[in-house]
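Below: the structure, in C-alpha cells.
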Amino acid sequence: MRQRIVINLDGPRVEATKLVRKRRRWPRVLGILALLVLIGVVGLAVVGFFWWRHYQSTPTYAATLLVDAAQRNDVAVFEKLINDDEVAKNMLASVSKKAADRYGLALNSSIQQRIDAALPSLLPQLKQTIHAEVVKELQAFAAKSEPRPFVLLVVTVPRLMAVTTQGDTATVKAPLPERTIELTMKRDTESWKITEVKDDVLVQRVVDNVMKELPAIGSIDPNSPLLKKPQRKRPRRNR
C-alpha cells in the first residue's frame, strides 16, 4: 500500500505574508512619529516667535537692553532708550529745591529768583549732566554681577529688577547697595524709554554740577528775620 506525502504549501506563505506586512508597518509608524515630532517643533517655534515678539514690546525687554548696553558701554542704545528732555524736565524741580537748600540761611527771595531764572537756561547742560549720571547708575547696577550674554540677561534681569506696568507707564526699581533707583518708563512708538529717574544721590551729583553756574553762596542777608534778635524788655521800676 503506497503512502502519500502531503506538503502544506499554504502555511509558510501565510506566515511570510504576515511578516512582510509587519515590516511594512514600521516605516509608516516611524513616519507618523516623525511627522508628530515635526509638528511639535514647528508649534514650539511659532509659540516662541510670538512670545518673543510680545516680550520685545514690554518694559522688561527695554530694561534688559539697558543692562546689556551698560555692560558693553553701548552709547547708541542709551541714546535710543533714554528721553533726555523728559528726564531733565522731571528732575528740574528736585534740582531747584536741593540747590536752594544748599544756600541755607543765605537764601532769600532774590537768590531764589536767580535760581529759578538760571535753571531753564541751564537745561541743555543739565540734560547732558543727567544723561551721564543715569548711565553711571545703570553701569553701577550692571557691575553688581559678572558680564553675561544677552540670552542669560533675558532670564536674570526680571529677577534683579522689579517691573510694574500700568497702561503705557512702567516703574522699574533697580536695587543698589544701600539704596534703590526708581525709573519711570513710557511706551514709545518703537520701544519703552526712560522719562524720569528718582534717586537722591543722583540728584545731589547733578546739583554739584549745577551749583557752579548758580550765584555764589555769599553772606547771610542781614535783613533776614531769622537773624533779628528779640528785644529785651526793660524791667519796670516800682514807683
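Letters for chains follow the order of the C-alpha cells (A, B, ...), residue numbers begin at 1 for each chain, and ligand numbers begin at 1 in the order shown.
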Check your understanding: Can you list, as a list in words, every residue of segment 1-231 of chain A that DSSP puts in strand (DSSP E)?
Key ->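 Filtering segment 1-231 of chain A down to strand (DSSP E) leaves Ala162, Val163, Thr164, Thr165, Gln166, Thr169, Ala170, Thr171, Val172, Lys173, Ala174, Pro175, Leu176, Arg179, Thr180, Ile181, Glu182, Leu183, Thr184, Met185, Lys186, Arg187, Trp192, Lys193, Ile194, Thr195, Glu196, Val197 and Lys198 of chain A.
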Hey, what's within 6 Å of segment 190-201 of chain A if we count only C-alpha atoms and toss same-chain stuff fewer than 2 positions away? As a short mmCIF file (atom, residue, chain, number, x, y, z; two decimals) with C-alpha atoms, in the first residue's frame, please?
```cif
data_model
loop_
_atom_site.label_atom_id
_atom_site.label_comp_id
_atom_site.auth_asym_id
_atom_site.auth_seq_id
_atom_site.Cartn_x
_atom_site.Cartn_y
_atom_site.Cartn_z
CA PRO A 59 9.40 97.43 29.53
CA LEU A 81 16.17 104.34 25.30
CA ILE A 82 16.66 107.48 27.45
CA ASN A 83 14.46 110.51 26.78
CA GLU A 86 11.69 114.40 29.76
CA VAL A 87 14.19 113.19 32.36
CA ILE A 181 16.92 103.60 41.87
CA GLU A 182 13.39 104.12 40.55
CA LEU A 183 12.97 104.57 36.81
CA THR A 184 9.76 105.64 35.11
CA MET A 185 9.36 104.44 31.52
CA LYS A 186 6.82 105.47 28.91
CA ARG A 187 5.73 103.45 25.90
CA ASP A 188 7.14 104.86 22.67
CA VAL A 203 20.12 114.50 42.24
CA GLN A 204 22.89 115.56 44.62
#
```
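Of note, atom CA of Ala88 of chain A and atom CA of Pro120 of chain A are spaced 10.2 Å apart.
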**Study point:** Nearest-residue call for Thr189 of chain A, choices A:Asp208, A:Asp74, A:Asp168, A:Asp116, using only C-alpha atoms
**Key:**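 Result for the nearest residue to Thr189 of chain A: A:Asp168.
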Check your understanding: Which is closer to Ser96 of chain A than all the others in A:Ala162, A:Leu122, A:Leu65, A:Leu44, using only C-alpha atoms?
Key ->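 Result for the nearest residue to Ser96 of chain A: A:Leu122.
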Exercise for review: Would you list the contacts of Ala99 of chain A as a list in words, taking every protein, DNA or RNA residue within 9 Å and counting only C-alpha atoms, but skipping same-chain residues closer than 6 positions in sequence?
Suggested key: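 Those residues are Ile115, Gln204, Val207, Asp208, Val210, Met211 and Leu214 of chain A.
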Name the residues in contact with segment 128-137 of chain A at a cut-off of 7 Å, using only C-alpha atoms, excluding same-chain residues fewer than 4 positions from it; report them as an mmCIF file with N, CA, C and O atoms, in the first residue's frame.
```cif
data_model
loop_
_atom_site.group_PDB
_atom_site.id
_atom_site.type_symbol
_atom_site.label_atom_id
_atom_site.label_comp_id
_atom_site.auth_asym_id
_atom_site.auth_seq_id
_atom_site.Cartn_x
_atom_site.Cartn_y
_atom_site.Cartn_z
ATOM 1 N N ASP A 84 16.134 112.199 27.184
ATOM 2 C CA ASP A 84 16.858 113.194 27.981
ATOM 3 C C ASP A 84 16.005 114.419 28.291
ATOM 4 O O ASP A 84 16.106 114.991 29.390
ATOM 5 N N ALA A 88 15.203 115.391 32.192
ATOM 6 C CA ALA A 88 15.685 116.673 32.716
ATOM 7 C C ALA A 88 14.533 117.526 33.240
ATOM 8 O O ALA A 88 14.631 118.132 34.312
ATOM 9 N N PRO A 124 19.964 122.718 28.657
ATOM 10 C CA PRO A 124 20.794 121.896 27.748
ATOM 11 C C PRO A 124 21.973 121.244 28.458
ATOM 12 O O PRO A 124 22.251 120.059 28.258
ATOM 13 N N PHE A 141 24.719 99.399 38.393
ATOM 14 C CA PHE A 141 23.804 98.273 38.598
ATOM 15 C C PHE A 141 24.284 97.038 37.845
ATOM 16 O O PHE A 141 24.266 95.920 38.375
ATOM 17 N N LEU A 202 21.740 110.668 42.932
ATOM 18 C CA LEU A 202 21.914 111.201 41.576
ATOM 19 C C LEU A 202 21.583 112.684 41.536
ATOM 20 O O LEU A 202 22.297 113.482 40.902
ATOM 21 N N VAL A 206 23.961 115.914 40.414
ATOM 22 C CA VAL A 206 23.569 116.908 39.416
ATOM 23 C C VAL A 206 23.642 118.308 40.009
ATOM 24 O O VAL A 206 24.117 119.254 39.372
#
```
Check your understanding: From the list A:Lys173, A:Arg72, A:Lys98, A:Lys80, which residue is nearest Pro149 of chain A when using only C-alpha atoms?
Key ->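 Nearest to Pro149 of chain A: A:Arg72.
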Point to revise | Surrounding residues of Ala69 of chain A excluding itself and chain neighbours under 2 positions, 10 Å, only C-alpha atoms, as a list in words | key: Ala63, Thr64, Leu65, Leu66, Val67, Gln71, Arg72, Asn73, Asp74, Val75, Ala76, Val77, Phe78, Val135, Leu138, Gln139, Ala142 and Phe150 of chain A
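The spacing separating atom CA of Ala216 of chain A from atom CA of Tyr103 of chain A amounts to 8.9 Å.
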